[in-house]
Amino acid sequence: MPVRQATRRYADLGSFLAEYPTTLKVGALLLPAGLLDDDPAPEMKIDLVLPLLGRVGPIDGQVVARLPDGGVALRVAEIPPAVQAAVGQMLDIAEDVKKWLLQSGQLVGAGAAPTVQAPPPPVVRPEVIEQLQARIRELEGRLGATPPGAPAEAGGAEVSRGVPEARPRGLPVPDMTGVAPVLSGPLADRSLRDAFIGLAVEKLTGLLTVKRPDGRTRWGFWSKGGPVGWRTEPVEEQEVLGMLLYKGGTITEQQLQESLVVMERTGSRQGEALIEMGLCTFPQLVILLQKQVDFVFQRVLREREGTWTFHVLDDLPERFLTPPLRVASILYRALLKHAKEMPAQDLATSLRPWLDHYVVLSPGVERTFEEMKLTSDEQQFVGIIQKTNYRLREIFSVSSLSRSQTAAAVWSMQDLNLLEFRPESDGIRERERFERDLAVRRAASRAKTLFERLDVHWICTTAEVEVGYKKLKEEWSLTRLARVGEAHRAAFEEINAAMDDAYKGLSTDAKRREYRATIIERMKIEQSAEMLSKQGEMAIMKAASRDALNCFSKALELVPGNAEYREGFARAQAIPR
């Protein structure tokens, strides 16, 4: 009787981490040789036993290949939430171990991996391509194809050891006859690109149909917001997996021909034939299939003739597919690259009409941003927009990105409908921000030290006290009550009184030093001055005049009678600026 359940055990953390990037992370799972006593069923349930955490699961998997070493490769449709959480814990544990090893000096930061120069792709002769394309068409005809529009049959993807049964080419196309699409449009405008973003935000599953004037039809299979597979009738040989690998220099002409023979002999798909030939592993195949999906997606983006429709489906005919492409991330990176290559004046001109509009995230896009693999600075930038309420002209001064990067990011996100420009402020968000800022400022006004009440460090100069005081007085001026309401007058008066009191105690060198001595130990003051002096010497060696002056001026602030610090300050002044 076929085995329907199995347990995949990981001996230690290292074995799990070594396998994870090429298996679970890309929608695959491997059962090593010897794990199963009998043949597996076409679909199985797999439990995982993880180091430290124990058993989690089950995961539904479809057997797609028996490996040459006796192992079994499965494609995973979806990782259950409990398993996702356990895997996340394992990755967190690994990160904690790494940090501990680095901090304890037992591990030195790893350098960059050596770059391996890939061999140049072979020169593909036109006559060879024609012969291979003809062979592919012949084989496709012999294996049979699901007629477009015919009802789909989901059957297993098991590679038979016995007499092969011819499998339909490509993914089965569900019958949409008489069913109205939820979205449609021409390829000539940007409606399809906008639809791609909408599908990603809404996490929709369904069927995209693209019809071209030459009669060729392409179907795109969408799962949870992104494409997971394509099918074209008549077939476009340059999109076939084997041809892509051959043109890219991954396999030879002879290996491609042999894979076609294996397909004919076993009734399998080309990727499975490549596994049987030992040309790739199943995890590698999953990655290759993802690249194939991306390749076709990029081609669809460039098409300008024809029409498209999209039908929403509860499920796809074939459940066990590659993980969906992150469409929003792909489109954002392409637009960002274009924006950075635009003349700065053109980019500024395109944003100028919105400078006095408020920048807000479009409704429901927060999850989309989480999946876009943004840099840490980009994530911080999105967080600023999400939590605050700024006009576009104000965004540039608070952004975590440079001015040019901010302009490019805003232009790209708005073009993808991830950002909106609104003429009026969001009253609720603005009120929430004000109340949050008010609570923080009142807490600072009641702080223990005068330095904290002005938001300055205890090692500060007269100039820094002046700047801090002026900034806070402008921000919390009583004239602001006209906008926020008289109900806050008492809080404003308390804040202003605390600022005035702190300024009186810190505004002169003598008062500031006298007060500092009452709250900071003398030894700490002297040690801090010595450290600043050393930093100033390093800045002088680098000819960094501003840094050197800042360090020595603060050293003198702490210990004004030190001749060494005065001499260092004089040398810093002599550095050419």
# chains A, B, ... in the order shown; residues from 1 in each chain; ligands from 1
call {"tool": "select_by_dssp", "arguments": {"residues": "range 179-212 of chain A", "states": "strand (DSSP E or B)", "output": "list in words"}}
result
Leu183, Ser184, Gly185, Pro186, Gly206, Leu207, Leu208, Thr209, Val210 and Lys211 of chain A
call {"tool": "closest_atom_pairs", "arguments": {"of": "range 294-359 of chain A", "to": "range 221-236 of chain A", "cutoff": "8 Å", "atoms": "only C-alpha atoms", "output": "tab-separated table"}}
result
residue	atom	partner	partner_atom	distance
A:Val296	CA	A:Trp230	CA	7.4
A:Phe297	CA	A:Pro227	CA	7.8
A:Leu316	CA	A:Phe221	CA	7.4
A:Leu321	CA	A:Val228	CA	6.2
A:Thr322	CA	A:Val228	CA	5.6
A:Pro323	CA	A:Val228	CA	6.3
A:Pro324	CA	A:Gly226	CA	4.6
A:Leu325	CA	A:Gly226	CA	5.0
A:Arg326	CA	A:Gly226	CA	6.2
A:Val327	CA	A:Gly226	CA	6.0
call {"tool": "write_last_selection", "arguments": {"atoms": "N, CA, C and O atoms", "output": "compact mmCIF listing (two decimals), in the first residue's frame"}}
result
# COMPACT_ATOMS: atom_id res chain seq x y z
N VAL A 296 8.69 34.85 -18.41
CA VAL A 296 7.45 35.04 -19.19
C VAL A 296 6.72 36.29 -18.70
O VAL A 296 6.16 37.05 -19.49
N PHE A 297 6.72 36.50 -17.38
CA PHE A 297 6.06 37.69 -16.82
C PHE A 297 6.66 38.96 -17.42
O PHE A 297 5.93 39.89 -17.78
N LEU A 316 -6.63 26.91 -7.98
CA LEU A 316 -6.11 26.56 -9.30
C LEU A 316 -6.27 25.06 -9.53
O LEU A 316 -6.27 24.27 -8.57
N LEU A 321 2.40 24.19 -6.96
CA LEU A 321 3.13 25.02 -7.91
C LEU A 321 4.25 25.77 -7.20
O LEU A 321 4.36 25.71 -5.97
N THR A 322 5.07 26.46 -7.97
CA THR A 322 6.13 27.25 -7.36
C THR A 322 5.53 28.40 -6.56
O THR A 322 4.42 28.83 -6.82
N PRO A 323 6.27 28.94 -5.58
CA PRO A 323 5.77 30.11 -4.84
C PRO A 323 5.51 31.26 -5.79
O PRO A 323 6.23 31.44 -6.78
N PRO A 324 4.49 32.08 -5.53
CA PRO A 324 4.17 33.18 -6.45
C PRO A 324 5.26 34.24 -6.49
O PRO A 324 5.93 34.50 -5.48
N LEU A 325 5.44 34.83 -7.66
CA LEU A 325 6.38 35.94 -7.79
C LEU A 325 5.90 37.13 -6.97
O LEU A 325 4.70 37.36 -6.84
N ARG A 326 6.84 37.89 -6.45
CA ARG A 326 6.51 39.13 -5.73
C ARG A 326 6.40 40.24 -6.77
O ARG A 326 7.35 40.98 -7.04
N VAL A 327 5.21 40.35 -7.35
CA VAL A 327 5.00 41.26 -8.47
C VAL A 327 5.29 42.71 -8.09
O VAL A 327 5.95 43.45 -8.83
call {"tool": "closest_atom_pairs", "arguments": {"of": "range 38-72 of chain A", "to": "range 10-19 of chain A", "cutoff": "7 Å", "atoms": "only C-alpha atoms", "output": "CSV"}}
result
residue,atom,partner,partner_atom,distance
A:Val49,CA,A:Tyr10,CA,6.2
A:Leu50,CA,A:Tyr10,CA,5.8
A:Pro51,CA,A:Asp12,CA,5.5
call {"tool": "residues_around", "arguments": {"residues": "Tyr515 in chain A", "least_positions_apart": "3", "cutoff": "9 Å", "atoms": "only C-alpha atoms", "output": "PyMOL selection string"}}
result
chain A and resi 450+505-506+510-512+518-520
call {"tool": "residues_around", "arguments": {"residues": "Asp455 in chain A", "least_positions_apart": "6", "cutoff": "9 Å", "atoms": "only C-alpha atoms", "output": "VMD selection string"}}
result
chain A and resid 444 465 468 to 469 472
call {"tool": "atom_distance", "arguments": {"atom1": "CA of Pro213 in chain A", "atom2": "CA of Trp308 in chain A"}}
result
11.7 Å
call {"tool": "residues_around", "arguments": {"residues": "Leu351 in chain A", "least_positions_apart": "4", "cutoff": "9 Å", "atoms": "only C-alpha atoms", "output": "MDAnalysis selection string"}}
result
chainID A and resid 346:347 355 392 407 410:411
call {"tool": "residues_around", "arguments": {"residues": "range 493-496 of chain A", "least_positions_apart": "5", "cutoff": "12 Å", "atoms": "only C-alpha atoms", "output": "PyMOL selection string"}}
result
chain A and resi 437-447+453-454+469-481+486-488+501-503
call {"tool": "atom_distance", "arguments": {"atom1": "CA of Val286 in chain A", "atom2": "CA of Val26 in chain A"}}
result
6.7 Å
call {"tool": "select_by_dssp", "arguments": {"residues": "range 294-445 of chain A", "states": "alpha helix (DSSP H)", "output": "PyMOL selection string"}}
result
chain A and resi 294-302+327-341+344-351+366-370+376-387+392-398+403-415+427-445
call {"tool": "residues_around", "arguments": {"residues": "Asp415 in chain A", "least_positions_apart": "3", "cutoff": "10 Å", "atoms": "only C-alpha atoms", "output": "PyMOL selection string"}}
result
chain A and resi 194+331-332+335+409-412+418-420
call {"tool": "write_last_selection", "arguments": {"atoms": "all heavy atoms", "output": "PDB file, in the first residue's frame"}}
result
ATOM      1  N   ASP A 194      -1.565  48.078 -13.673  1.00  0.00           N
ATOM      2  CA  ASP A 194      -2.339  48.469 -12.493  1.00  0.00           C
ATOM      3  C   ASP A 194      -3.065  47.269 -11.902  1.00  0.00           C
ATOM      4  O   ASP A 194      -3.189  47.133 -10.678  1.00  0.00           O
ATOM      5  CB  ASP A 194      -3.341  49.568 -12.852  1.00  0.00           C
ATOM      6  CG  ASP A 194      -2.659  50.896 -13.158  1.00  0.00           C
ATOM      7  OD1 ASP A 194      -1.468  51.045 -12.819  1.00  0.00           O
ATOM      8  OD2 ASP A 194      -3.318  51.782 -13.736  1.00  0.00           O
ATOM      9  N   LEU A 331       8.016  45.191 -10.014  1.00  0.00           N
ATOM     10  CA  LEU A 331       7.623  46.437 -10.671  1.00  0.00           C
ATOM     11  C   LEU A 331       8.257  47.649  -9.978  1.00  0.00           C
ATOM     12  O   LEU A 331       8.692  48.607 -10.643  1.00  0.00           O
ATOM     13  CB  LEU A 331       6.103  46.568 -10.678  1.00  0.00           C
ATOM     14  CG  LEU A 331       5.342  45.521 -11.501  1.00  0.00           C
ATOM     15  CD1 LEU A 331       3.841  45.744 -11.372  1.00  0.00           C
ATOM     16  CD2 LEU A 331       5.754  45.576 -12.965  1.00  0.00           C
ATOM     17  N   TYR A 332       8.321  47.622  -8.655  1.00  0.00           N
ATOM     18  CA  TYR A 332       8.899  48.752  -7.923  1.00  0.00           C
ATOM     19  C   TYR A 332      10.377  48.927  -8.268  1.00  0.00           C
ATOM     20  O   TYR A 332      10.840  50.047  -8.517  1.00  0.00           O
ATOM     21  CB  TYR A 332       8.724  48.548  -6.419  1.00  0.00           C
ATOM     22  CG  TYR A 332       9.450  49.572  -5.574  1.00  0.00           C
ATOM     23  CD1 TYR A 332       9.073  50.915  -5.592  1.00  0.00           C
ATOM     24  CD2 TYR A 332      10.526  49.200  -4.773  1.00  0.00           C
ATOM     25  CE1 TYR A 332       9.742  51.855  -4.830  1.00  0.00           C
ATOM     26  CE2 TYR A 332      11.199  50.129  -4.007  1.00  0.00           C
ATOM     27  CZ  TYR A 332      10.804  51.458  -4.036  1.00  0.00           C
ATOM     28  OH  TYR A 332      11.477  52.389  -3.287  1.00  0.00           O
ATOM     29  N   LEU A 335      10.732  50.424 -11.762  1.00  0.00           N
ATOM     30  CA  LEU A 335      10.401  51.851 -11.793  1.00  0.00           C
ATOM     31  C   LEU A 335      11.448  52.679 -11.050  1.00  0.00           C
ATOM     32  O   LEU A 335      11.796  53.786 -11.475  1.00  0.00           O
ATOM     33  CB  LEU A 335       9.020  52.076 -11.164  1.00  0.00           C
ATOM     34  CG  LEU A 335       7.820  51.686 -12.029  1.00  0.00           C
ATOM     35  CD1 LEU A 335       6.538  51.775 -11.220  1.00  0.00           C
ATOM     36  CD2 LEU A 335       7.727  52.579 -13.259  1.00  0.00           C
ATOM     37  N   ALA A 409      11.779  57.188  -4.853  1.00  0.00           N
ATOM     38  CA  ALA A 409      10.894  56.251  -4.157  1.00  0.00           C
ATOM     39  C   ALA A 409       9.446  56.728  -4.209  1.00  0.00           C
ATOM     40  O   ALA A 409       8.523  55.946  -4.478  1.00  0.00           O
ATOM     41  CB  ALA A 409      11.343  56.065  -2.716  1.00  0.00           C
ATOM     42  N   VAL A 410       9.217  58.017  -3.942  1.00  0.00           N
ATOM     43  CA  VAL A 410       7.858  58.564  -3.967  1.00  0.00           C
ATOM     44  C   VAL A 410       7.266  58.430  -5.364  1.00  0.00           C
ATOM     45  O   VAL A 410       6.115  58.000  -5.534  1.00  0.00           O
ATOM     46  CB  VAL A 410       7.854  60.037  -3.519  1.00  0.00           C
ATOM     47  CG1 VAL A 410       6.512  60.690  -3.810  1.00  0.00           C
ATOM     48  CG2 VAL A 410       8.169  60.135  -2.033  1.00  0.00           C
ATOM     49  N   TRP A 411       8.031  58.800  -6.385  1.00  0.00           N
ATOM     50  CA  TRP A 411       7.549  58.705  -7.765  1.00  0.00           C
ATOM     51  C   TRP A 411       7.173  57.272  -8.124  1.00  0.00           C
ATOM     52  O   TRP A 411       6.116  57.018  -8.716  1.00  0.00           O
ATOM     53  CB  TRP A 411       8.630  59.222  -8.718  1.00  0.00           C
ATOM     54  CG  TRP A 411       8.213  59.254 -10.156  1.00  0.00           C
ATOM     55  CD1 TRP A 411       7.543  60.242 -10.809  1.00  0.00           C
ATOM     56  CD2 TRP A 411       8.437  58.222 -11.124  1.00  0.00           C
ATOM     57  NE1 TRP A 411       7.333  59.896 -12.129  1.00  0.00           N
ATOM     58  CE2 TRP A 411       7.874  58.659 -12.350  1.00  0.00           C
ATOM     59  CE3 TRP A 411       9.049  56.973 -11.081  1.00  0.00           C
ATOM     60  CZ2 TRP A 411       7.909  57.893 -13.507  1.00  0.00           C
ATOM     61  CZ3 TRP A 411       9.086  56.200 -12.234  1.00  0.00           C
ATOM     62  CH2 TRP A 411       8.533  56.667 -13.424  1.00  0.00           C
ATOM     63  N   SER A 412       8.018  56.305  -7.749  1.00  0.00           N
ATOM     64  CA  SER A 412       7.786  54.901  -8.090  1.00  0.00           C
ATOM     65  C   SER A 412       6.584  54.333  -7.339  1.00  0.00           C
ATOM     66  O   SER A 412       5.736  53.648  -7.916  1.00  0.00           O
ATOM     67  CB  SER A 412       9.039  54.070  -7.780  1.00  0.00           C
ATOM     68  OG  SER A 412      10.165  54.563  -8.467  1.00  0.00           O
ATOM     69  N   LEU A 418       0.672  52.715  -4.751  1.00  0.00           N
ATOM     70  CA  LEU A 418       0.938  52.352  -3.360  1.00  0.00           C
ATOM     71  C   LEU A 418       0.903  53.574  -2.448  1.00  0.00           C
ATOM     72  O   LEU A 418       0.744  53.437  -1.235  1.00  0.00           O
ATOM     73  CB  LEU A 418       2.298  51.667  -3.255  1.00  0.00           C
ATOM     74  CG  LEU A 418       2.446  50.352  -4.037  1.00  0.00           C
ATOM     75  CD1 LEU A 418       3.879  49.842  -3.959  1.00  0.00           C
ATOM     76  CD2 LEU A 418       1.479  49.292  -3.527  1.00  0.00           C
ATOM     77  N   LEU A 419       1.063  54.756  -3.030  1.00  0.00           N
ATOM     78  CA  LEU A 419       0.970  56.019  -2.304  1.00  0.00           C
ATOM     79  C   LEU A 419      -0.108  56.886  -2.932  1.00  0.00           C
ATOM     80  O   LEU A 419      -0.402  56.765  -4.127  1.00  0.00           O
ATOM     81  CB  LEU A 419       2.295  56.790  -2.357  1.00  0.00           C
ATOM     82  CG  LEU A 419       3.506  56.243  -1.617  1.00  0.00           C
ATOM     83  CD1 LEU A 419       4.661  57.219  -1.767  1.00  0.00           C
ATOM     84  CD2 LEU A 419       3.195  56.007  -0.161  1.00  0.00           C
ATOM     85  N   GLU A 420      -0.670  57.766  -2.115  1.00  0.00           N
ATOM     86  CA  GLU A 420      -1.648  58.733  -2.610  1.00  0.00           C
ATOM     87  C   GLU A 420      -1.257  60.126  -2.141  1.00  0.00           C
ATOM     88  O   GLU A 420      -0.656  60.291  -1.072  1.00  0.00           O
ATOM     89  CB  GLU A 420      -3.057  58.404  -2.089  1.00  0.00           C
ATOM     90  CG  GLU A 420      -3.618  57.089  -2.603  1.00  0.00           C
ATOM     91  CD  GLU A 420      -5.011  56.819  -2.058  1.00  0.00           C
ATOM     92  OE1 GLU A 420      -5.537  57.677  -1.299  1.00  0.00           O
ATOM     93  OE2 GLU A 420      -5.563  55.738  -2.359  1.00  0.00           O
TER      94      GLU A 420
END
call {"tool": "atom_distance", "arguments": {"atom1": "CA of Leu279 in chain A", "atom2": "CA of Ala77 in chain A"}}
result
24.2 Å
call {"tool": "closest_residue", "arguments": {"among": "A:Ala41, A:Leu30, A:Lys504, A:Trp458", "to": "Val3 in chain A", "atoms": "only C-alpha atoms"}}
result
A:Ala41
call {"tool": "closest_residue", "arguments": {"among": "A:Ile251, A:Leu192, A:Leu288, A:Val398", "to": "Thr309 in chain A", "atoms": "only C-alpha atoms"}}
result
A:Leu192
call {"tool": "closest_residue", "arguments": {"among": "A:Leu532, A:Leu204, A:Ala33, A:Met44", "to": "Ala555 in chain A", "atoms": "only C-alpha atoms"}}
result
A:Leu532
